[in-house]
file final.pdb (PDB, C-alpha atoms)
ATOM      1  CA  GLU L   1       0.000   0.000   0.000
ATOM      2  CA  ILE L   2       2.857   2.394   0.867
ATOM      3  CA  ALA L   3       4.448   1.576  -2.491
ATOM      4  CA  LEU L   4       1.186   2.449  -4.279
ATOM      5  CA  VAL L   5       0.918   5.762  -2.422
ATOM      6  CA  GLN L   6       4.402   6.587  -3.693
ATOM      7  CA  ALA L   7       3.395   5.576  -7.241
ATOM      8  CA  ARG L   8       0.332   7.854  -6.994
ATOM      9  CA  LYS L   9       2.603  10.779  -6.047
ATOM     10  CA  GLU L  10       4.850  10.088  -9.053
ATOM     11  CA  ILE L  11       1.823   9.906 -11.373
ATOM     12  CA  ALA L  12       0.492  13.224 -10.009
ATOM     13  CA  GLU L  13       3.908  14.804 -10.677
ATOM     14  CA  PHE L  14       3.835  13.279 -14.190
ATOM     15  CA  GLY L  15       0.535  15.114 -14.782
ATOM     16  CA  GLU L  16       1.975  18.436 -13.576
ATOM     17  CA  ARG L  17       4.931  18.079 -15.957
ATOM     18  CA  LEU L  18       2.583  17.427 -18.884
ATOM     19  CA  GLU L  19       0.645  20.625 -18.274
ATOM     20  CA  LYS L  20       3.893  22.584 -17.996
ATOM     21  CA  MET L  21       4.972  21.036 -21.321
ATOM     22  CA  PHE L  22       1.626  21.988 -22.898
ATOM     23  CA  ASN L  23       1.992  25.598 -21.734
ATOM     24  CA  PHE L  24       5.245  25.849 -23.725
ATOM     25  CA  ILE L  25       3.081  25.585 -26.886
ATOM     26  CA  LYS L  26       1.458  28.912 -25.989
ATOM     27  CA  LYS L  27       4.922  30.424 -25.511
ATOM     28  CA  LEU L  28       5.835  29.439 -29.090
ATOM     29  CA  GLU L  29       3.055  31.740 -30.307
ATOM     30  CA  ASP L  30       3.902  34.676 -28.055
ATOM     31  CA  PRO L  31       5.600  37.459 -30.091
ATOM     32  CA  GLU L  32       7.269  38.707 -26.893
ATOM     33  CA  GLN L  33       8.918  35.289 -26.517
ATOM     34  CA  SER L  34      10.163  35.148 -30.130
ATOM     35  CA  ARG L  35      13.831  35.435 -29.124
ATOM     36  CA  LYS L  36      13.380  32.303 -26.978
ATOM     37  CA  TYR L  37      11.495  30.412 -29.724
ATOM     38  CA  HIS L  38      14.163  27.771 -30.435
ATOM     39  CA  LYS L  39      14.923  27.389 -26.728
ATOM     40  CA  THR L  40      11.216  26.700 -26.080
ATOM     41  CA  LEU L  41      11.124  24.136 -28.914
ATOM     42  CA  SER L  42      14.122  22.373 -27.359
ATOM     43  CA  LYS L  43      12.396  22.378 -23.957
ATOM     44  CA  ILE L  44       9.339  20.668 -25.442
ATOM     45  CA  LYS L  45      11.532  17.973 -26.987
ATOM     46  CA  LYS L  46      13.375  17.521 -23.696
ATOM     47  CA  TYR L  47      10.076  17.243 -21.802
ATOM     48  CA  GLU L  48       8.860  14.626 -24.285
ATOM     49  CA  GLN L  49      11.914  12.507 -23.441
ATOM     50  CA  ILE L  50      11.377  13.090 -19.718
ATOM     51  CA  THR L  51       7.729  11.970 -19.938
ATOM     52  CA  ASP L  52       8.768   8.831 -21.852
ATOM     53  CA  ASN L  53      11.267   8.042 -19.093
ATOM     54  CA  MET L  54       8.722   8.747 -16.349
ATOM     55  CA  GLU L  55       6.224   6.366 -17.941
ATOM     56  CA  MET L  56       8.888   3.649 -18.194
ATOM     57  CA  GLU L  57      10.145   4.095 -14.626
ATOM     58  CA  ILE L  58       6.663   4.154 -13.072
ATOM     59  CA  ALA L  59       5.614   1.111 -15.142
ATOM     60  CA  LYS L  60       8.736  -0.753 -13.992
ATOM     61  CA  TYR L  61       8.027   0.200 -10.376
ATOM     62  CA  LEU L  62       4.366  -0.873 -10.562
ATOM     63  CA  THR L  63       5.271  -4.170 -12.224
ATOM     64  CA  LYS L  64       7.749  -4.884  -9.430
ATOM     65  CA  VAL L  65       5.085  -4.074  -6.805
ATOM     66  CA  SER L  66       2.579  -6.401  -8.507
ATOM     67  CA  GLU L  67       5.079  -9.276  -8.354
ATOM     68  CA  GLY L  68       4.925  -9.191  -4.555
ATOM     69  CA  GLU L  69       2.078 -10.375  -2.347
ATOM     70  CA  ILE L  70      -0.610  -7.701  -2.713
ATOM     71  CA  SER L  71      -4.354  -7.579  -2.107
ATOM     72  CA  HIS L  72      -6.955  -7.921  -4.855
ATOM     73  CA  ASP L  73      -7.734  -4.192  -4.489
ATOM     74  CA  SER L  74      -4.069  -3.221  -4.810
ATOM     75  CA  SER L  75      -3.793  -5.404  -7.897
ATOM     76  CA  LYS L  76      -6.720  -3.500  -9.475
ATOM     77  CA  LYS L  77      -5.056  -0.176  -8.606
ATOM     78  CA  VAL L  78      -1.820  -1.283 -10.285
ATOM     79  CA  ARG L  79      -3.721  -2.228 -13.454
ATOM     80  CA  ILE L  80      -5.540   1.145 -13.496
ATOM     81  CA  MET L  81      -2.328   3.094 -12.858
ATOM     82  CA  LEU L  82      -0.615   1.336 -15.762
ATOM     83  CA  LYS L  83      -3.505   2.408 -18.017
ATOM     84  CA  ILE L  84      -3.261   5.974 -16.694
ATOM     85  CA  ILE L  85       0.462   6.375 -17.364
ATOM     86  CA  ASP L  86       0.040   4.926 -20.858
ATOM     87  CA  ASP L  87      -2.484   7.670 -21.698
ATOM     88  CA  MET L  88      -0.341  10.306 -20.018
ATOM     89  CA  GLU L  89       2.638   9.299 -22.147
ATOM     90  CA  SER L  90       0.350   9.689 -25.186
ATOM     91  CA  VAL L  91      -0.424  13.251 -24.012
ATOM     92  CA  GLY L  92       3.323  13.987 -24.070
ATOM     93  CA  ASP L  93       3.660  12.549 -27.583
ATOM     94  CA  ALA L  94       0.711  14.640 -28.839
ATOM     95  CA  ILE L  95       2.107  17.856 -27.328
ATOM     96  CA  TYR L  96       5.412  17.161 -29.072
ATOM     97  CA  GLN L  97       3.489  16.625 -32.347
ATOM     98  CA  LEU L  98       1.813  20.017 -31.804
ATOM     99  CA  SER L  99       5.233  21.665 -31.513
ATOM    100  CA  LEU L 100       6.401  20.057 -34.783
ATOM    101  CA  VAL L 101       3.289  21.243 -36.648
ATOM    102  CA  TYR L 102       3.685  24.732 -35.221
ATOM    103  CA  ASP L 103       7.363  24.828 -36.195
ATOM    104  CA  ASN L 104       6.528  23.736 -39.767
ATOM    105  CA  TYR L 105       3.913  26.494 -39.853
ATOM    106  CA  LYS L 106       6.494  29.059 -38.737
ATOM    107  CA  GLN L 107       9.032  27.891 -41.329
ATOM    108  CA  SER L 108       6.432  28.062 -44.119
ATOM    109  CA  SER L 109       5.773  31.799 -43.636
ATOM    110  CA  SER L 110       2.036  31.051 -43.524
ATOM    111  CA  GLU L 111      -0.127  33.482 -41.576
ATOM    112  CA  PHE L 112      -3.131  32.512 -39.473
ATOM    113  CA  THR L 113      -6.127  34.852 -39.476
ATOM    114  CA  ASP L 114      -7.160  36.539 -36.214
ATOM    115  CA  PHE L 115     -10.105  34.130 -36.064
ATOM    116  CA  GLN L 116      -7.795  31.097 -36.315
ATOM    117  CA  VAL L 117      -5.452  32.392 -33.613
ATOM    118  CA  ASP L 118      -8.382  33.084 -31.278
ATOM    119  CA  ALA L 119      -9.966  29.686 -32.048
ATOM    120  CA  LEU L 120      -6.751  27.836 -31.164
ATOM    121  CA  HIS L 121      -6.457  29.806 -27.929
ATOM    122  CA  GLN L 122     -10.023  28.796 -27.030
ATOM    123  CA  MET L 123      -9.066  25.138 -27.555
ATOM    124  CA  TYR L 124      -5.932  25.579 -25.433
ATOM    125  CA  ARG L 125      -7.944  27.122 -22.590
ATOM    126  CA  LEU L 126     -10.286  24.126 -22.605
ATOM    127  CA  ILE L 127      -7.287  21.775 -22.444
ATOM    128  CA  ASN L 128      -5.965  23.696 -19.427
ATOM    129  CA  LYS L 129      -9.362  23.197 -17.769
ATOM    130  CA  ALA L 130      -9.127  19.466 -18.585
ATOM    131  CA  PHE L 131      -5.639  19.306 -17.043
ATOM    132  CA  LYS L 132      -6.876  21.029 -13.880
ATOM    133  CA  GLU L 133      -9.638  18.438 -13.484
ATOM    134  CA  MET L 134      -7.220  15.582 -14.227
ATOM    135  CA  HIS L 135      -4.864  16.844 -11.495
ATOM    136  CA  ARG L 136      -7.770  17.060  -9.031
ATOM    137  CA  ASN L 137      -8.810  13.479  -9.758
ATOM    138  CA  LEU L 138      -5.257  12.129  -9.538
ATOM    139  CA  ASN L 139      -4.770  13.732  -6.122
ATOM    140  CA  MET L 140      -7.921  12.147  -4.647
ATOM    141  CA  GLU L 141      -8.560   8.634  -3.413
ATOM    142  CA  PHE L 142      -9.776   6.694  -6.452
ATOM    143  CA  LYS L 143     -12.988   5.676  -4.652
ATOM    144  CA  ASP L 144     -13.878   9.359  -4.006
ATOM    145  CA  VAL L 145     -13.386  10.650  -7.570
ATOM    146  CA  ASP L 146     -16.382  12.018  -9.494
ATOM    147  CA  ILE L 147     -15.516  12.418 -13.174
ATOM    148  CA  GLU L 148     -18.656  14.350 -14.160
ATOM    149  CA  LYS L 149     -16.837  17.683 -14.507
ATOM    150  CA  ALA L 150     -13.973  16.077 -16.473
ATOM    151  CA  ALA L 151     -16.518  14.451 -18.817
ATOM    152  CA  ASP L 152     -18.308  17.786 -19.307
ATOM    153  CA  ILE L 153     -15.034  19.498 -20.296
ATOM    154  CA  GLU L 154     -14.352  16.685 -22.776
ATOM    155  CA  VAL L 155     -17.786  17.311 -24.372
ATOM    156  CA  GLN L 156     -16.915  21.035 -24.640
ATOM    157  CA  ILE L 157     -13.592  20.193 -26.332
ATOM    158  CA  ASN L 158     -15.306  17.917 -28.868
ATOM    159  CA  LYS L 159     -18.005  20.498 -29.616
ATOM    160  CA  LYS L 160     -15.398  23.200 -30.132
ATOM    161  CA  ARG L 161     -13.358  20.940 -32.449
ATOM    162  CA  ASN L 162     -16.489  20.121 -34.493
ATOM    163  CA  ALA L 163     -17.435  23.808 -34.776
ATOM    164  CA  LEU L 164     -13.901  24.774 -35.857
ATOM    165  CA  ARG L 165     -13.802  21.980 -38.426
ATOM    166  CA  LYS L 166     -17.129  23.104 -39.926
ATOM    167  CA  HIS L 167     -16.051  26.756 -39.995
ATOM    168  CA  HIS L 168     -12.696  25.760 -41.503
ATOM    169  CA  VAL L 169     -14.354  23.910 -44.417
ATOM    170  CA  GLU L 170     -16.532  26.953 -45.153
ATOM    171  CA  ASP L 171     -13.544  29.317 -44.978
ATOM    172  CA  LEU L 172     -11.589  27.133 -47.408
ATOM    173  CA  LYS L 173     -14.493  27.238 -49.871
ATOM    174  CA  GLU L 174     -14.528  31.017 -49.610
ATOM    175  CA  LYS L 175     -10.718  31.079 -50.049
ATOM    176  CA  LYS L 176     -10.208  33.082 -46.842
ATOM    177  CA  TYR L 177      -6.737  31.550 -46.534
ATOM    178  CA  LYS L 178      -4.456  29.249 -48.488
ATOM    179  CA  HIS L 179      -4.913  25.503 -48.342
ATOM    180  CA  LYS L 180      -1.468  25.054 -46.757
ATOM    181  CA  THR L 181      -2.352  27.470 -43.945
ATOM    182  CA  GLY L 182      -5.609  25.577 -43.468
ATOM    183  CA  THR L 183      -3.745  22.274 -43.157
ATOM    184  CA  PHE L 184      -1.520  23.605 -40.361
ATOM    185  CA  TYR L 185      -4.564  25.059 -38.602
ATOM    186  CA  SER L 186      -6.685  21.881 -38.811
ATOM    187  CA  ASP L 187      -3.724  19.758 -37.671
ATOM    188  CA  LEU L 188      -3.318  21.978 -34.605
ATOM    189  CA  PHE L 189      -6.940  21.891 -33.467
ATOM    190  CA  SER L 190      -7.251  18.166 -34.285
ATOM    191  CA  ILE L 191      -4.144  17.199 -32.273
ATOM    192  CA  THR L 192      -5.314  19.454 -29.425
ATOM    193  CA  GLU L 193      -8.630  17.575 -29.363
ATOM    194  CA  LYS L 194      -6.700  14.269 -29.189
ATOM    195  CA  ILE L 195      -4.900  15.583 -26.098
ATOM    196  CA  GLY L 196      -8.353  16.081 -24.570
ATOM    197  CA  ASP L 197      -9.183  12.439 -25.385
ATOM    198  CA  TYR L 198      -6.090  11.140 -23.606
ATOM    199  CA  ILE L 199      -6.759  13.383 -20.587
ATOM    200  CA  ILE L 200     -10.350  12.153 -20.140
ATOM    201  CA  ASN L 201      -9.070   8.563 -20.478
ATOM    202  CA  VAL L 202      -7.156   9.134 -17.234
ATOM    203  CA  SER L 203     -10.341  10.000 -15.304
ATOM    204  CA  GLU L 204     -12.287   7.229 -17.036
ATOM    205  CA  ALA L 205      -9.675   4.705 -15.895
ATOM    206  CA  ILE L 206     -10.336   5.806 -12.294
ATOM    207  CA  GLU L 207     -14.089   5.376 -12.889
ATOM    208  CA  GLU L 208     -13.372   1.881 -14.231
ATOM    209  CA  TYR L 209     -11.672   1.075 -10.915
ATOM    210  CA  GLN L 210     -14.787   2.264  -9.029
ATOM    211  CA  GLU L 211     -17.095   0.128 -11.159
ATOM    212  CA  SER L 212     -15.028  -2.992 -10.497
ATOM    213  CA  GLU L 213     -15.146  -2.545  -6.692
TER     214      GLU L 213
END
call {"tool": "encode", "arguments": {"input": "final.pdb", "output": "structure tokens"}}
result
Amino acid sequence: EIALVQARKEIAEFGERLEKMFNFIKKLEDPEQSRKYHKTLSKIKKYEQITDNMEMEIAKYLTKVSEGEISHDSSKKVRIMLKIIDDMESVGDAIYQLSLVYDNYKQSSSEFTDFQVDALHQMYRLINKAFKEMHRNLNMEFKDVDIEKAADIEVQINKKRNALRKHHVEDLKEKKYKHKTGTFYSDLFSITEKIGDYIINVSEAIEEYQESE
């Protein structure tokens, strides 16, 4: 049990690192941070490697714990935690993908419209809300977690993605921006929505534990 409490702390720290990594994406777009652009890109890559290592180390630790004599409940917690860190590692991968798309956009000299910039920021704010809820759930006893708020944020993220996709198709028809610019834009909001999927998976894994009690 003490070993699992320690694993929970490591997983909570993993979540905090992921949000910090995600917030670097917003720094890439900040004109005031332009001199630090390449440094921020490097940080994102470094964080992606750190999150990979964290997932591996926690998985190794949990596997070792499960090889000992543990209760049925502890065994369920180990299984759920392994699912959680797998999705969290996927969050790190997706954030890194976002940085690559954004860098390609910057190198292409494409220019997003004010609407596109604002739309992406709206998506990012929703992801920050999702992270906040994920952190809350990870820092509670699994049996006490209520994922209703996390699920509601996930619905908001999906609705926003659907609205942006529809608007994007209409804007392309009206030639409001070049197709290449549109591709970068749709990649960014689509990957951001995927991050939301992985984040809600974390809370849903906890709910799965509750249902199997």
call {"tool": "resolve_selection", "arguments": {"input": "final.pdb", "expression": "the PyMOL selection byres ((chain L and resi 74) around 12)", "output": "list in words"}}
result
Glu1, Ile2, Ala3, Leu4, Val5, Ala7, Leu62, Thr63, Val65, Ser66, Glu67, Gly68, Glu69, Ile70, Ser71, His72, Asp73, Ser75, Lys76, Lys77, Val78, Arg79, Ile80, Met81, Phe142, Tyr209 and Glu213 of chain L
call {"tool": "closest_atom_pairs", "arguments": {"input": "final.pdb", "of": "region 5-91 of chain L", "to": "region 190-202 of chain L", "cutoff": "6 Å", "atoms": "all atoms listed in the file", "output": "JSON lines"}}
result
{"residue": "L:Ile84", "atom": "CA", "partner": "L:Val202", "partner_atom": "CA", "distance": 5.0}
{"residue": "L:Asp87", "atom": "CA", "partner": "L:Tyr198", "partner_atom": "CA", "distance": 5.4}
{"residue": "L:Val91", "atom": "CA", "partner": "L:Ile195", "partner_atom": "CA", "distance": 5.5}
call {"tool": "closest_residue", "arguments": {"input": "final.pdb", "among": "L:Phe112, L:Phe131, L:Phe184, L:Phe189", "to": "Leu100 (chain L)", "atoms": "only C-alpha atoms"}}
result
L:Phe184
call {"tool": "residues_around", "arguments": {"input": "final.pdb", "residues": "Val169 (chain L)", "least_positions_apart": "4", "cutoff": "12 Å", "atoms": "only C-alpha atoms", "output": "ChimeraX atom specification"}}
result
/L:162-165,173-179,182-183,185-186
call {"tool": "resolve_selection", "arguments": {"input": "final.pdb", "expression": "the PyMOL selection byres ((chain L and resi 11-13) around 8)", "output": "list of chain:residue names"}}
result
L:Ala7, L:Arg8, L:Lys9, L:Glu10, L:Phe14, L:Gly15, L:Glu16, L:Arg17, L:Ile58, L:Ile85, L:His135, L:Leu138, L:Asn139
call {"tool": "write_last_selection", "arguments": {"input": "final.pdb", "atoms": "C-alpha atoms", "output": "mmCIF file, in the coordinates of the input"}}
result
data_model
loop_
_atom_site.group_PDB
_atom_site.id
_atom_site.type_symbol
_atom_site.label_atom_id
_atom_site.label_comp_id
_atom_site.auth_asym_id
_atom_site.auth_seq_id
_atom_site.Cartn_x
_atom_site.Cartn_y
_atom_site.Cartn_z
ATOM 1 C CA ALA L 7 3.395 5.576 -7.241
ATOM 2 C CA ARG L 8 0.332 7.854 -6.994
ATOM 3 C CA LYS L 9 2.603 10.779 -6.047
ATOM 4 C CA GLU L 10 4.850 10.088 -9.053
ATOM 5 C CA PHE L 14 3.835 13.279 -14.190
ATOM 6 C CA GLY L 15 0.535 15.114 -14.782
ATOM 7 C CA GLU L 16 1.975 18.436 -13.576
ATOM 8 C CA ARG L 17 4.931 18.079 -15.957
ATOM 9 C CA ILE L 58 6.663 4.154 -13.072
ATOM 10 C CA ILE L 85 0.462 6.375 -17.364
ATOM 11 C CA HIS L 135 -4.864 16.844 -11.495
ATOM 12 C CA LEU L 138 -5.257 12.129 -9.538
ATOM 13 C CA ASN L 139 -4.770 13.732 -6.122
#
call {"tool": "atom_distance", "arguments": {"input": "final.pdb", "atom1": "CA of Met123 (chain L)", "atom2": "CA of Tyr37 (chain L)"}}
result
21.3 Å
call {"tool": "build_atoms", "arguments": {"input": "final.pdb", "residues": "region 37-67 of chain L", "atoms": "N, CA and C atoms", "output": "CSV table (one decimal), keeping the file's coordinate frame"}}
result
chain,number,residue,atom,x,y,z
L,37,TYR,N,12.3,31.4,-29.0
L,37,TYR,CA,11.5,30.4,-29.7
L,37,TYR,C,12.2,29.0,-29.8
L,38,HIS,N,13.5,29.0,-30.3
L,38,HIS,CA,14.2,27.8,-30.4
L,38,HIS,C,14.5,27.1,-29.1
L,39,LYS,N,14.7,27.9,-28.1
L,39,LYS,CA,14.9,27.4,-26.7
L,39,LYS,C,13.7,26.7,-26.2
L,40,THR,N,12.5,27.3,-26.5
L,40,THR,CA,11.2,26.7,-26.1
L,40,THR,C,11.0,25.4,-26.8
L,41,LEU,N,11.3,25.4,-28.1
L,41,LEU,CA,11.1,24.1,-28.9
L,41,LEU,C,12.0,23.0,-28.3
L,42,SER,N,13.2,23.4,-27.9
L,42,SER,CA,14.1,22.4,-27.4
L,42,SER,C,13.6,21.9,-26.0
L,43,LYS,N,13.0,22.8,-25.2
L,43,LYS,CA,12.4,22.4,-24.0
L,43,LYS,C,11.3,21.4,-24.1
L,44,ILE,N,10.4,21.6,-25.2
L,44,ILE,CA,9.3,20.7,-25.4
L,44,ILE,C,9.9,19.3,-25.8
L,45,LYS,N,10.9,19.3,-26.6
L,45,LYS,CA,11.5,18.0,-27.0
L,45,LYS,C,12.1,17.3,-25.8
L,46,LYS,N,12.8,18.1,-24.9
L,46,LYS,CA,13.4,17.5,-23.7
L,46,LYS,C,12.3,17.0,-22.8
L,47,TYR,N,11.2,17.7,-22.6
L,47,TYR,CA,10.1,17.2,-21.8
L,47,TYR,C,9.5,16.0,-22.3
L,48,GLU,N,9.4,15.8,-23.7
L,48,GLU,CA,8.9,14.6,-24.3
L,48,GLU,C,9.7,13.4,-23.9
L,49,GLN,N,11.0,13.6,-23.9
L,49,GLN,CA,11.9,12.5,-23.4
L,49,GLN,C,11.7,12.2,-22.0
L,50,ILE,N,11.6,13.3,-21.2
L,50,ILE,CA,11.4,13.1,-19.7
L,50,ILE,C,10.1,12.3,-19.5
L,51,THR,N,9.0,12.7,-20.2
L,51,THR,CA,7.7,12.0,-19.9
L,51,THR,C,7.8,10.5,-20.4
L,52,ASP,N,8.5,10.2,-21.4
L,52,ASP,CA,8.8,8.8,-21.9
L,52,ASP,C,9.5,8.1,-20.7
L,53,ASN,N,10.5,8.7,-20.2
L,53,ASN,CA,11.3,8.0,-19.1
L,53,ASN,C,10.4,7.8,-17.8
L,54,MET,N,9.6,8.9,-17.5
L,54,MET,CA,8.7,8.7,-16.3
L,54,MET,C,7.8,7.6,-16.5
L,55,GLU,N,7.2,7.5,-17.7
L,55,GLU,CA,6.2,6.4,-17.9
L,55,GLU,C,6.9,5.0,-17.8
L,56,MET,N,8.1,4.9,-18.3
L,56,MET,CA,8.9,3.6,-18.2
L,56,MET,C,9.2,3.3,-16.8
L,57,GLU,N,9.7,4.3,-16.0
L,57,GLU,CA,10.1,4.1,-14.6
L,57,GLU,C,9.0,3.7,-13.7
L,58,ILE,N,7.8,4.4,-13.9
L,58,ILE,CA,6.7,4.2,-13.1
L,58,ILE,C,6.1,2.8,-13.4
L,59,ALA,N,6.1,2.4,-14.7
L,59,ALA,CA,5.6,1.1,-15.1
L,59,ALA,C,6.5,0.0,-14.5
L,60,LYS,N,7.8,0.2,-14.5
L,60,LYS,CA,8.7,-0.8,-14.0
L,60,LYS,C,8.5,-0.9,-12.5
L,61,TYR,N,8.3,0.2,-11.8
L,61,TYR,CA,8.0,0.2,-10.4
L,61,TYR,C,6.7,-0.5,-10.0
L,62,LEU,N,5.7,-0.2,-10.8
L,62,LEU,CA,4.4,-0.9,-10.6
L,62,LEU,C,4.4,-2.4,-10.8
L,63,THR,N,5.1,-2.8,-11.9
L,63,THR,CA,5.3,-4.2,-12.2
L,63,THR,C,6.0,-4.9,-11.1
L,64,LYS,N,7.0,-4.3,-10.5
L,64,LYS,CA,7.7,-4.9,-9.4
L,64,LYS,C,6.8,-5.1,-8.2
L,65,VAL,N,6.0,-4.0,-7.9
L,65,VAL,CA,5.1,-4.1,-6.8
L,65,VAL,C,4.1,-5.2,-7.0
L,66,SER,N,3.6,-5.4,-8.2
L,66,SER,CA,2.6,-6.4,-8.5
L,66,SER,C,3.1,-7.8,-8.4
L,67,GLU,N,4.5,-7.9,-8.5
L,67,GLU,CA,5.1,-9.3,-8.4
L,67,GLU,C,5.1,-9.8,-6.9
